[in-house]
Number of protein chains: 4
Amino acid sequence: MTMKKTSNTEERILDAAIQVFGEKGYSAATTSEIAKRAKVAEGTIFRYFPKKKELLHGIVLKAIDIFGEKVVVKSLEETVEANKDKAFKEVLKAIVLDRVKIFEQHYAYMKVILYELQFHDDVRRLFIDKIAKQAIELVKKVVDIAKKNREIKDIESLIITRSMLGMVLMMLIQRQLMPSETSISNIEDEIDLMIDMLMDGIRNRD
Amino acid sequence: MTMKKTSNTEERILDAAIQVFGEKGYSAATTSEIAKRAKVAEGTIFRYFPKKKELLHGIVLKAIDIFGEKVVVKSLEETVEANKDKAFKEVLKAIVLDRVKIFEQHYAYMKVILYELQFHDDVRRLFIDKIAKQAIELVKKVVDIAKKNREIKDIESLIITRSMLGMVLMMLIQRQLMPSETSISNIEDEIDLMIDMLMDGIRNRD
Amino acid sequence: MTMKKTSNTEERILDAAIQVFGEKGYSAATTSEIAKRAKVAEGTIFRYFPKKKELLHGIVLKAIDIFGEKVVVKSLEETVEANKDKAFKEVLKAIVLDRVKIFEQHYAYMKVILYELQFHDDVRRLFIDKIAKQAIELVKKVVDIAKKNREIKDIESLIITRSMLGMVLMMLIQRQLMPSETSISNIEDEIDLMIDMLMDGIRNRD
Amino acid sequence: MTMKKTSNTEERILDAAIQVFGEKGYSAATTSEIAKRAKVAEGTIFRYFPKKKELLHGIVLKAIDIFGEKVVVKSLEETVEANKDKAFKEVLKAIVLDRVKIFEQHYAYMKVILYELQFHDDVRRLFIDKIAKQAIELVKKVVDIAKKNREIKDIESLIITRSMLGMVLMMLIQRQLMPSETSISNIEDEIDLMIDMLMDGIRNRD
DNA sequence: AATGAATGAGTCTTCATTCAT
DNA sequence: TATGAATGAAGACTCATTCAT
């Protein structure tokens, strides 16, 4: 059990930073606005994060915490365990739904990291190594089991995973960007539909 | 035949801006660096783009030109025409491959626009109205034909389109971000695989 | 008794601004020179006056303070009170002398405001409403009393006031612009002479 | 008879400059706006006036032409001549009225010069030597004659001249700045009143 | 620990001036 | 002669960072 004694001030600053970075992007965000939102003096930020960039690092580190072992792995294992007797399709559905919920919960983190990783090598490396690869590895395991069980075809797991991820992300983005165009209001139904698509394809077999 | 005599200075500036915006993001990019890359004096930029923000608008407008009627619509129609006797799968493959090529050619534009649209309402609106909606509309038409021909199931066209787009984008991103993880080096083969997946699903039917 | 603790930095900046505006005019003055004179970093100016124009407003506001109630009204009333038994001519002399002294003390303020009011609507409005009209109103009162006492003719008070003001201002300007031409070195004597002129005219009655 | 072959272009530029300087002040005026008003290319200005400052000099020189011998002296002499049998008061009235008309005709010139002379030594010197002193000298002559004729008291001519000038200028300024406060709409009547005041004073003699 | 005034390097932007056409 | 594109020095303004309290 780790002893986390993060002063409340530090946390407030980091929360404010996520907000502001999310709204304006890292570069356009100012330490002055972050300070205001965190309700601390501007100087106080630099007590905890001597450079602005360390705020970004702080966010990535926290995201790794959230999406890393603590949340992703654990709940993934739980989900797999809870669905172990069900068909792959059901497991997949449960996993995706879970992931979407986590993602929505920590939307701000993901937004910041996903957008900034293009510009900051360190962020990119951390994200790839500590989040992306791990997450993919995990889903791959589930897929691999299904493959061994001959429930699904012998397609590269990475491609299956990636495709599913792409479909889901695109749905989330569309819901953000063009909410009016969304015909299916319920996100669960939409996930259902997408997994059906992924499992059986769109070809008409009648 | 009209001789376009766009002083070429303007074009050089815009090209430099796309580069620099792509590398650092709009906000972190400086007009001074753009000037250096375009090999003009800093002041010259402001003769053509009185505000830094107009450089961004210039990019969006040019992208609309490229992805709008000139390229997307025309070549889409060509593609459809050239494949009119083939099965939907073949048409889809041709369309995606074409689109991916256009996208790779104008990667820098798309990167900038996709990143910045979240921070700039004007960019977002232009992108959605002039590029996204139009492109979706077009693909929808192709999908709708296939549906009427009963080649594919009666799934909402938007969802099919979006899913395909998500799969392809994710592939492109992965190739950019984690090129080492890519097992299939040939992009055509990978598109092939993805369309097979989309058409027939991943379920094992043996 | 409240202890005004206006950081004094603000005051130093404003003082420097008055100097520089006075010497070069608002538009030709640079924040960099103001900073140098105030012995602060250029950025510091903008903590107190976020726009250059607010320096001008600051000056006008301060001038309103000085020429407004605090100085003009109060000392005018004092002057009137101290001279209440004397003839109008004596009162007028006392008033003008007082005003000239105040004016000379705050010459820089007036110079800046009088020059800039033609270019800045806000400055003009403030000056007219808060300084000019009030001052004229006050002198009018004194003139009106003298009129009621039948000490002076029934000429529009505004015109009398304005004429006196014009004579005095012209004298001050001449002393500034062409000091060599000034035959009467003592300003009090010159005021004396002008008031005699105003009272009895220049016509020879011998 | 002087042969003035000032190209029409030069004149248009100078006219535009007077306008723009008058509206914004020398320093805030831009050569670009002057060019637009003169309907010439920006570069053309510098063919005639290699430095911006020379536009100001051009204006001063032109003003000297107008207010100098050509207009002021000549018409002054005419006025004196035409009124030689009349009382000093009538002559003065005629002179002032004439001067006011000239002034209003060339208001823009005067405005620019009077305002800029504080900031530009060369302008100040030219104005004082070529316009102010000459004009004062002339009026002095008239005043001196009246003095010798014992029509008016033995007050320093400079002071009389200056006072009259101050009164008139103040009237003109007031008409510009606070037109609503002007009770006497007719400028001639106002001049009349002021000269009466100057001649006989404001003291009640009944 | 926290503050917030002060800093100054760096940014966008303006504009007088030059020069090839 | 006249043009107007290009220049670059200089100006207003921003903001991460420092430091005395």
# chains A, B, ... in the order shown; residues from 1 in each chain; ligands from 1
>>> interface_residues(of="chain A", to="chain E", cutoff="9 Å", atoms="only C-alpha atoms (C1' of nucleotides)", output="PDB file with N, CA, C and O atoms, in the first residue's frame")
ATOM      1  N   VAL A  40      -4.612  29.693  -6.157  1.00  0.00           N
ATOM      2  CA  VAL A  40      -3.326  29.894  -5.486  1.00  0.00           C
ATOM      3  C   VAL A  40      -2.625  31.068  -6.166  1.00  0.00           C
ATOM      4  O   VAL A  40      -3.041  31.491  -7.247  1.00  0.00           O
ATOM      5  N   ALA A  41      -1.593  31.566  -5.519  1.00  0.00           N
ATOM      6  CA  ALA A  41      -0.814  32.627  -6.149  1.00  0.00           C
ATOM      7  C   ALA A  41       0.022  32.036  -7.271  1.00  0.00           C
ATOM      8  O   ALA A  41       0.336  30.843  -7.251  1.00  0.00           O
ATOM      9  N   GLU A  42       0.346  32.866  -8.240  1.00  0.00           N
ATOM     10  CA  GLU A  42       1.071  32.338  -9.385  1.00  0.00           C
ATOM     11  C   GLU A  42       2.399  31.711  -8.943  1.00  0.00           C
ATOM     12  O   GLU A  42       2.795  30.663  -9.441  1.00  0.00           O
ATOM     13  N   GLY A  43       3.051  32.354  -8.003  1.00  0.00           N
ATOM     14  CA  GLY A  43       4.322  31.841  -7.529  1.00  0.00           C
ATOM     15  C   GLY A  43       4.226  30.445  -6.947  1.00  0.00           C
ATOM     16  O   GLY A  43       5.180  29.659  -7.041  1.00  0.00           O
ATOM     17  N   THR A  44       3.094  30.144  -6.363  1.00  0.00           N
ATOM     18  CA  THR A  44       2.932  28.843  -5.699  1.00  0.00           C
ATOM     19  C   THR A  44       3.075  27.679  -6.669  1.00  0.00           C
ATOM     20  O   THR A  44       3.639  26.632  -6.324  1.00  0.00           O
TER      21      THR A  44
END
>>> closest_atom_pairs(of="chain A", to="chain F", cutoff="9 Å", atoms="only C-alpha atoms (C1' of nucleotides)", output="JSON lines")
{"residue": "A:Thr30", "atom": "CA", "partner": "F:DC15", "partner_atom": "C1'", "distance": 7.2}
{"residue": "A:Thr31", "atom": "CA", "partner": "F:DA16", "partner_atom": "C1'", "distance": 7.4}
{"residue": "A:Ser32", "atom": "CA", "partner": "F:DC15", "partner_atom": "C1'", "distance": 8.1}
{"residue": "A:Gly43", "atom": "CA", "partner": "F:DT17", "partner_atom": "C1'", "distance": 8.5}
{"residue": "A:Phe46", "atom": "CA", "partner": "F:DT17", "partner_atom": "C1'", "distance": 8.0}
{"residue": "A:Pro50", "atom": "CA", "partner": "F:DT17", "partner_atom": "C1'", "distance": 8.4}
{"residue": "A:Lys51", "atom": "CA", "partner": "F:DA16", "partner_atom": "C1'", "distance": 7.9}
{"residue": "A:Lys52", "atom": "CA", "partner": "F:DA16", "partner_atom": "C1'", "distance": 7.3}
>>> calpha_fit_rmsd(fixed="chain C", moving="chain D")
0.9 Å
>>> residues_around(residues="stretch 102-105 of chain C", least_positions_apart="3", cutoff="10 Å", atoms="only C-alpha atoms (C1' of nucleotides)", output="number ranges by chain")
C: 66-67, 71-72, 75, 96-99, 108-111, 169, 172
>>> write_last_selection(atoms="C-alpha atoms", output="short mmCIF file (atom, residue, chain, number, x, y, z; two decimals), in the first residue's frame")
data_model
loop_
_atom_site.label_atom_id
_atom_site.label_comp_id
_atom_site.auth_asym_id
_atom_site.auth_seq_id
_atom_site.Cartn_x
_atom_site.Cartn_y
_atom_site.Cartn_z
CA ILE C 66 -6.15 67.72 -9.02
CA PHE C 67 -8.21 70.24 -10.94
CA VAL C 71 -7.92 71.68 -5.68
CA VAL C 72 -10.01 73.96 -7.83
CA SER C 75 -9.28 76.74 -3.11
CA VAL C 96 -6.52 84.25 -11.51
CA LEU C 97 -3.26 84.32 -9.63
CA ASP C 98 -4.24 81.23 -7.72
CA ARG C 99 -5.28 79.43 -10.86
CA ALA C 108 2.65 68.90 -17.58
CA TYR C 109 -0.79 67.43 -16.95
CA MET C 110 -2.55 70.21 -18.72
CA LYS C 111 -0.23 70.20 -21.65
CA LEU C 169 -3.51 81.16 -21.43
CA LEU C 172 1.42 81.55 -20.41
#
>>> atom_distance(atom1="atom CA of D:Leu193", atom2="atom CA of D:Lys101")
17.2 Å
>>> closest_atom_pairs(of="chain C", to="chain D", cutoff="7 Å", atoms="only C-alpha atoms", output="JSON lines")
{"residue": "C:Glu23", "atom": "CA", "partner": "D:Phe119", "partner_atom": "CA", "distance": 6.6}
{"residue": "C:Lys24", "atom": "CA", "partner": "D:Phe119", "partner_atom": "CA", "distance": 5.8}
{"residue": "C:Ser27", "atom": "CA", "partner": "D:Ala28", "partner_atom": "CA", "distance": 5.7}
{"residue": "C:Ala28", "atom": "CA", "partner": "D:Ser27", "partner_atom": "CA", "distance": 5.6}
{"residue": "C:Tyr115", "atom": "CA", "partner": "D:Tyr115", "partner_atom": "CA", "distance": 6.9}
{"residue": "C:Phe119", "atom": "CA", "partner": "D:Lys24", "partner_atom": "CA", "distance": 5.9}
{"residue": "C:Arg150", "atom": "CA", "partner": "D:Asn204", "partner_atom": "CA", "distance": 6.6}
{"residue": "C:Glu151", "atom": "CA", "partner": "D:Asn204", "partner_atom": "CA", "distance": 5.5}
{"residue": "C:Ile152", "atom": "CA", "partner": "D:Arg203", "partner_atom": "CA", "distance": 4.3}
{"residue": "C:Lys153", "atom": "CA", "partner": "D:Asn204", "partner_atom": "CA", "distance": 4.7}
{"residue": "C:Arg162", "atom": "CA", "partner": "D:Met170", "partner_atom": "CA", "distance": 6.6}
{"residue": "C:Ser163", "atom": "CA", "partner": "D:Met167", "partner_atom": "CA", "distance": 4.6}
{"residue": "C:Gly166", "atom": "CA", "partner": "D:Gly166", "partner_atom": "CA", "distance": 4.2}
{"residue": "C:Met167", "atom": "CA", "partner": "D:Ser163", "partner_atom": "CA", "distance": 4.6}
{"residue": "C:Met170", "atom": "CA", "partner": "D:Gly166", "partner_atom": "CA", "distance": 5.2}
{"residue": "C:Met197", "atom": "CA", "partner": "D:Gly201", "partner_atom": "CA", "distance": 6.5}
{"residue": "C:Leu198", "atom": "CA", "partner": "D:Gly201", "partner_atom": "CA", "distance": 5.0}
{"residue": "C:Met199", "atom": "CA", "partner": "D:Gly201", "partner_atom": "CA", "distance": 4.5}
{"residue": "C:Asp200", "atom": "CA", "partner": "D:Gly201", "partner_atom": "CA", "distance": 4.0}
{"residue": "C:Gly201", "atom": "CA", "partner": "D:Gly201", "partner_atom": "CA", "distance": 3.7}
{"residue": "C:Ile202", "atom": "CA", "partner": "D:Met199", "partner_atom": "CA", "distance": 4.9}
{"residue": "C:Arg203", "atom": "CA", "partner": "D:Ile152", "partner_atom": "CA", "distance": 4.3}
{"residue": "C:Asn204", "atom": "CA", "partner": "D:Ile152", "partner_atom": "CA", "distance": 4.4}
>>> select_by_dssp(residues="stretch 148-203 of chain D", states="alpha helix (DSSP H)", output="PyMOL selection string")
chain D and resi 148+157-177+187-200
>>> write_last_selection(atoms="N, CA and C atoms", output="mmCIF file, in the first residue's frame")
data_model
loop_
_atom_site.group_PDB
_atom_site.id
_atom_site.type_symbol
_atom_site.label_atom_id
_atom_site.label_comp_id
_atom_site.auth_asym_id
_atom_site.auth_seq_id
_atom_site.Cartn_x
_atom_site.Cartn_y
_atom_site.Cartn_z
ATOM 1 N N LYS D 148 -0.586 106.553 -30.621
ATOM 2 C CA LYS D 148 -0.059 107.884 -30.899
ATOM 3 C C LYS D 148 -1.193 108.892 -31.044
ATOM 4 N N SER D 157 1.794 97.247 -26.513
ATOM 5 C CA SER D 157 1.069 96.745 -27.680
ATOM 6 C C SER D 157 1.035 95.221 -27.707
ATOM 7 N N LEU D 158 2.147 94.633 -27.362
ATOM 8 C CA LEU D 158 2.209 93.172 -27.384
ATOM 9 C C LEU D 158 1.106 92.572 -26.535
ATOM 10 N N ILE D 159 0.918 93.195 -25.371
ATOM 11 C CA ILE D 159 -0.078 92.641 -24.456
ATOM 12 C C ILE D 159 -1.487 92.822 -25.014
ATOM 13 N N ILE D 160 -1.723 93.945 -25.604
ATOM 14 C CA ILE D 160 -3.038 94.167 -26.219
ATOM 15 C C ILE D 160 -3.273 93.140 -27.320
ATOM 16 N N THR D 161 -2.304 93.021 -28.188
ATOM 17 C CA THR D 161 -2.411 92.080 -29.304
ATOM 18 C C THR D 161 -2.645 90.669 -28.796
ATOM 19 N N ARG D 162 -1.798 90.311 -27.880
ATOM 20 C CA ARG D 162 -1.859 88.956 -27.346
ATOM 21 C C ARG D 162 -3.209 88.682 -26.692
ATOM 22 N N SER D 163 -3.688 89.658 -25.974
ATOM 23 C CA SER D 163 -4.953 89.457 -25.279
ATOM 24 C C SER D 163 -6.092 89.274 -26.274
ATOM 25 N N MET D 164 -6.104 90.127 -27.259
ATOM 26 C CA MET D 164 -7.135 90.014 -28.288
ATOM 27 C C MET D 164 -7.063 88.637 -28.940
ATOM 28 N N LEU D 165 -5.841 88.245 -29.277
ATOM 29 C CA LEU D 165 -5.632 86.934 -29.899
ATOM 30 C C LEU D 165 -6.145 85.811 -29.000
ATOM 31 N N GLY D 166 -5.813 85.908 -27.734
ATOM 32 C CA GLY D 166 -6.262 84.891 -26.783
ATOM 33 C C GLY D 166 -7.770 84.814 -26.721
ATOM 34 N N MET D 167 -8.401 85.973 -26.660
ATOM 35 C CA MET D 167 -9.862 85.995 -26.608
ATOM 36 C C MET D 167 -10.475 85.338 -27.837
ATOM 37 N N VAL D 168 -9.938 85.692 -28.979
ATOM 38 C CA VAL D 168 -10.495 85.166 -30.223
ATOM 39 C C VAL D 168 -10.250 83.661 -30.355
ATOM 40 N N LEU D 169 -9.005 83.265 -30.092
ATOM 41 C CA LEU D 169 -8.692 81.842 -30.192
ATOM 42 C C LEU D 169 -9.586 81.019 -29.272
ATOM 43 N N MET D 170 -9.742 81.508 -28.068
ATOM 44 C CA MET D 170 -10.558 80.791 -27.088
ATOM 45 C C MET D 170 -11.992 80.653 -27.587
ATOM 46 N N MET D 171 -12.456 81.714 -28.212
ATOM 47 C CA MET D 171 -13.793 81.634 -28.776
ATOM 48 C C MET D 171 -13.864 80.549 -29.852
ATOM 49 N N LEU D 172 -12.864 80.547 -30.732
ATOM 50 C CA LEU D 172 -12.872 79.542 -31.799
ATOM 51 C C LEU D 172 -12.782 78.131 -31.229
ATOM 52 N N ILE D 173 -11.933 77.954 -30.252
ATOM 53 C CA ILE D 173 -11.788 76.635 -29.631
ATOM 54 C C ILE D 173 -13.099 76.203 -28.991
ATOM 55 N N GLN D 174 -13.702 77.128 -28.277
ATOM 56 C CA GLN D 174 -14.962 76.773 -27.636
ATOM 57 C C GLN D 174 -16.015 76.380 -28.655
ATOM 58 N N ARG D 175 -16.057 77.098 -29.727
ATOM 59 C CA ARG D 175 -17.019 76.760 -30.769
ATOM 60 C C ARG D 175 -16.762 75.362 -31.336
ATOM 61 N N GLN D 176 -15.499 74.978 -31.339
ATOM 62 C CA GLN D 176 -15.152 73.637 -31.824
ATOM 63 C C GLN D 176 -15.477 72.564 -30.786
ATOM 64 N N LEU D 177 -15.074 72.857 -29.562
ATOM 65 C CA LEU D 177 -15.132 71.836 -28.518
ATOM 66 C C LEU D 177 -16.503 71.704 -27.877
ATOM 67 N N ILE D 187 -20.928 84.681 -35.397
ATOM 68 C CA ILE D 187 -19.547 84.935 -35.003
ATOM 69 C C ILE D 187 -19.227 86.433 -35.050
ATOM 70 N N GLU D 188 -19.850 87.141 -35.979
ATOM 71 C CA GLU D 188 -19.569 88.578 -36.072
ATOM 72 C C GLU D 188 -20.045 89.316 -34.823
ATOM 73 N N ASP D 189 -21.219 88.906 -34.352
ATOM 74 C CA ASP D 189 -21.738 89.543 -33.142
ATOM 75 C C ASP D 189 -20.815 89.280 -31.961
ATOM 76 N N GLU D 190 -20.295 88.077 -31.943
ATOM 77 C CA GLU D 190 -19.426 87.731 -30.823
ATOM 78 C C GLU D 190 -18.137 88.561 -30.864
ATOM 79 N N ILE D 191 -17.607 88.713 -32.057
ATOM 80 C CA ILE D 191 -16.407 89.541 -32.203
ATOM 81 C C ILE D 191 -16.708 90.978 -31.769
ATOM 82 N N ASP D 192 -17.802 91.463 -32.215
ATOM 83 C CA ASP D 192 -18.269 92.792 -31.810
ATOM 84 C C ASP D 192 -18.227 92.961 -30.297
ATOM 85 N N LEU D 193 -18.840 91.998 -29.660
ATOM 86 C CA LEU D 193 -18.934 92.037 -28.204
ATOM 87 C C LEU D 193 -17.551 92.036 -27.564
ATOM 88 N N MET D 194 -16.686 91.202 -28.087
ATOM 89 C CA MET D 194 -15.357 91.096 -27.503
ATOM 90 C C MET D 194 -14.567 92.381 -27.684
ATOM 91 N N ILE D 195 -14.737 92.997 -28.818
ATOM 92 C CA ILE D 195 -13.992 94.233 -29.040
ATOM 93 C C ILE D 195 -14.538 95.350 -28.159
ATOM 94 N N ASP D 196 -15.831 95.363 -27.999
ATOM 95 C CA ASP D 196 -16.411 96.316 -27.043
ATOM 96 C C ASP D 196 -15.803 96.115 -25.666
ATOM 97 N N MET D 197 -15.745 94.841 -25.288
ATOM 98 C CA MET D 197 -15.160 94.518 -23.987
ATOM 99 C C MET D 197 -13.728 95.025 -23.887
ATOM 100 N N LEU D 198 -12.984 94.725 -24.929
ATOM 101 C CA LEU D 198 -11.581 95.127 -24.918
ATOM 102 C C LEU D 198 -11.455 96.654 -24.862
ATOM 103 N N MET D 199 -12.330 97.341 -25.559
ATOM 104 C CA MET D 199 -12.234 98.797 -25.620
ATOM 105 C C MET D 199 -12.647 99.453 -24.302
ATOM 106 N N ASP D 200 -13.780 99.032 -23.801
ATOM 107 C CA ASP D 200 -14.329 99.753 -22.655
ATOM 108 C C ASP D 200 -14.370 98.981 -21.353
#
>>> residues_around(residues="D:Asn8", least_positions_apart="3", cutoff="12 Å", atoms="only C-alpha atoms (C1' of nucleotides)", output="PDB file with all heavy atoms, in the first residue's frame")
ATOM      1  N   LYS D   4       4.981  78.979 -60.211  1.00  0.00           N
ATOM      2  CA  LYS D   4       4.800  77.775 -59.370  1.00  0.00           C
ATOM      3  C   LYS D   4       4.418  76.609 -60.266  1.00  0.00           C
ATOM      4  O   LYS D   4       3.320  76.552 -60.796  1.00  0.00           O
ATOM      5  CB  LYS D   4       3.689  78.019 -58.335  1.00  0.00           C
ATOM      6  CG  LYS D   4       4.182  78.662 -57.052  1.00  0.00           C
ATOM      7  CD  LYS D   4       4.547  77.623 -55.995  1.00  0.00           C
ATOM      8  CE  LYS D   4       5.121  78.248 -54.745  1.00  0.00           C
ATOM      9  NZ  LYS D   4       4.216  79.208 -54.142  1.00  0.00           N
ATOM     10  N   LYS D   5       5.336  75.684 -60.396  1.00  0.00           N
ATOM     11  CA  LYS D   5       5.043  74.519 -61.245  1.00  0.00           C
ATOM     12  C   LYS D   5       5.017  73.253 -60.397  1.00  0.00           C
ATOM     13  O   LYS D   5       5.584  72.233 -60.720  1.00  0.00           O
ATOM     14  CB  LYS D   5       6.100  74.452 -62.364  1.00  0.00           C
ATOM     15  CG  LYS D   5       5.981  73.284 -63.330  1.00  0.00           C
ATOM     16  CD  LYS D   5       4.758  73.381 -64.216  1.00  0.00           C
ATOM     17  CE  LYS D   5       4.425  72.000 -64.811  1.00  0.00           C
ATOM     18  NZ  LYS D   5       3.115  71.528 -64.609  1.00  0.00           N
ATOM     19  N   GLU D  11       1.004  68.313 -54.728  1.00  0.00           N
ATOM     20  CA  GLU D  11      -0.024  69.065 -54.022  1.00  0.00           C
ATOM     21  C   GLU D  11      -1.044  68.124 -53.399  1.00  0.00           C
ATOM     22  O   GLU D  11      -1.478  68.308 -52.252  1.00  0.00           O
ATOM     23  CB  GLU D  11      -0.727  70.006 -55.010  1.00  0.00           C
ATOM     24  CG  GLU D  11      -1.152  71.307 -54.371  1.00  0.00           C
ATOM     25  CD  GLU D  11      -1.314  72.397 -55.427  1.00  0.00           C
ATOM     26  OE1 GLU D  11      -0.536  72.381 -56.421  1.00  0.00           O
ATOM     27  OE2 GLU D  11      -2.215  73.234 -55.262  1.00  0.00           O
ATOM     28  N   ARG D  12      -1.417  67.099 -54.149  1.00  0.00           N
ATOM     29  CA  ARG D  12      -2.399  66.153 -53.618  1.00  0.00           C
ATOM     30  C   ARG D  12      -1.865  65.454 -52.377  1.00  0.00           C
ATOM     31  O   ARG D  12      -2.591  65.218 -51.410  1.00  0.00           O
ATOM     32  CB  ARG D  12      -2.767  65.126 -54.692  1.00  0.00           C
ATOM     33  CG  ARG D  12      -4.130  65.442 -55.309  1.00  0.00           C
ATOM     34  CD  ARG D  12      -4.439  64.656 -56.542  1.00  0.00           C
ATOM     35  NE  ARG D  12      -4.047  63.281 -56.491  1.00  0.00           N
ATOM     36  CZ  ARG D  12      -3.341  62.661 -57.444  1.00  0.00           C
ATOM     37  NH1 ARG D  12      -2.936  63.339 -58.512  1.00  0.00           N
ATOM     38  NH2 ARG D  12      -3.039  61.391 -57.333  1.00  0.00           N
ATOM     39  N   ILE D  13      -0.595  65.142 -52.435  1.00  0.00           N
ATOM     40  CA  ILE D  13       0.007  64.482 -51.270  1.00  0.00           C
ATOM     41  C   ILE D  13      -0.033  65.412 -50.065  1.00  0.00           C
ATOM     42  O   ILE D  13      -0.401  65.018 -48.960  1.00  0.00           O
ATOM     43  CB  ILE D  13       1.466  64.078 -51.583  1.00  0.00           C
ATOM     44  CG1 ILE D  13       1.470  62.945 -52.610  1.00  0.00           C
ATOM     45  CG2 ILE D  13       2.193  63.661 -50.316  1.00  0.00           C
ATOM     46  CD1 ILE D  13       2.838  62.607 -53.156  1.00  0.00           C
ATOM     47  N   LEU D  14       0.340  66.652 -50.286  1.00  0.00           N
ATOM     48  CA  LEU D  14       0.385  67.599 -49.179  1.00  0.00           C
ATOM     49  C   LEU D  14      -1.016  67.838 -48.610  1.00  0.00           C
ATOM     50  O   LEU D  14      -1.193  67.901 -47.388  1.00  0.00           O
ATOM     51  CB  LEU D  14       1.010  68.905 -49.662  1.00  0.00           C
ATOM     52  CG  LEU D  14       1.924  69.615 -48.679  1.00  0.00           C
ATOM     53  CD1 LEU D  14       2.873  68.649 -48.009  1.00  0.00           C
ATOM     54  CD2 LEU D  14       2.713  70.702 -49.376  1.00  0.00           C
ATOM     55  N   ASP D  15      -1.978  67.947 -49.482  1.00  0.00           N
ATOM     56  CA  ASP D  15      -3.350  68.128 -49.010  1.00  0.00           C
ATOM     57  C   ASP D  15      -3.794  66.947 -48.151  1.00  0.00           C
ATOM     58  O   ASP D  15      -4.409  67.109 -47.086  1.00  0.00           O
ATOM     59  CB  ASP D  15      -4.312  68.269 -50.200  1.00  0.00           C
ATOM     60  CG  ASP D  15      -4.245  69.663 -50.791  1.00  0.00           C
ATOM     61  OD1 ASP D  15      -3.603  70.531 -50.166  1.00  0.00           O
ATOM     62  OD2 ASP D  15      -4.820  69.889 -51.866  1.00  0.00           O
ATOM     63  N   ALA D  38      -4.443  60.551 -50.954  1.00  0.00           N
ATOM     64  CA  ALA D  38      -3.927  61.301 -52.097  1.00  0.00           C
ATOM     65  C   ALA D  38      -4.091  60.501 -53.390  1.00  0.00           C
ATOM     66  O   ALA D  38      -3.813  60.999 -54.476  1.00  0.00           O
ATOM     67  CB  ALA D  38      -2.455  61.639 -51.868  1.00  0.00           C
ATOM     68  N   LYS D  39      -4.522  59.267 -53.212  1.00  0.00           N
ATOM     69  CA  LYS D  39      -4.668  58.363 -54.356  1.00  0.00           C
ATOM     70  C   LYS D  39      -3.367  58.220 -55.145  1.00  0.00           C
ATOM     71  O   LYS D  39      -3.351  58.310 -56.386  1.00  0.00           O
ATOM     72  CB  LYS D  39      -5.806  58.843 -55.285  1.00  0.00           C
ATOM     73  CG  LYS D  39      -7.204  58.651 -54.685  1.00  0.00           C
ATOM     74  CD  LYS D  39      -8.292  58.955 -55.714  1.00  0.00           C
ATOM     75  CE  LYS D  39      -9.597  59.390 -55.058  1.00  0.00           C
ATOM     76  NZ  LYS D  39     -10.199  58.409 -54.169  1.00  0.00           N
ATOM     77  N   VAL D  40      -2.307  57.995 -54.390  1.00  0.00           N
ATOM     78  CA  VAL D  40      -1.022  57.659 -55.022  1.00  0.00           C
ATOM     79  C   VAL D  40      -0.479  56.426 -54.319  1.00  0.00           C
ATOM     80  O   VAL D  40      -0.968  56.049 -53.255  1.00  0.00           O
ATOM     81  CB  VAL D  40       0.011  58.798 -54.871  1.00  0.00           C
ATOM     82  CG1 VAL D  40      -0.456  60.058 -55.570  1.00  0.00           C
ATOM     83  CG2 VAL D  40       0.324  59.057 -53.411  1.00  0.00           C
ATOM     84  N   TYR D  48       8.642  62.708 -53.434  1.00  0.00           N
ATOM     85  CA  TYR D  48       8.522  64.152 -53.193  1.00  0.00           C
ATOM     86  C   TYR D  48       8.983  64.544 -51.796  1.00  0.00           C
ATOM     87  O   TYR D  48       9.516  65.631 -51.601  1.00  0.00           O
ATOM     88  CB  TYR D  48       7.064  64.580 -53.382  1.00  0.00           C
ATOM     89  CG  TYR D  48       6.604  64.434 -54.805  1.00  0.00           C
ATOM     90  CD1 TYR D  48       6.028  63.255 -55.250  1.00  0.00           C
ATOM     91  CD2 TYR D  48       6.788  65.467 -55.716  1.00  0.00           C
ATOM     92  CE1 TYR D  48       5.625  63.114 -56.571  1.00  0.00           C
ATOM     93  CE2 TYR D  48       6.392  65.346 -57.026  1.00  0.00           C
ATOM     94  CZ  TYR D  48       5.808  64.157 -57.451  1.00  0.00           C
ATOM     95  OH  TYR D  48       5.430  64.028 -58.754  1.00  0.00           O
TER      96      TYR D  48
END
>>> closest_residue(among="D:Val142, D:His57, D:Glu33, D:Asp85", to="D:Val123", atoms="only C-alpha atoms")
D:His57
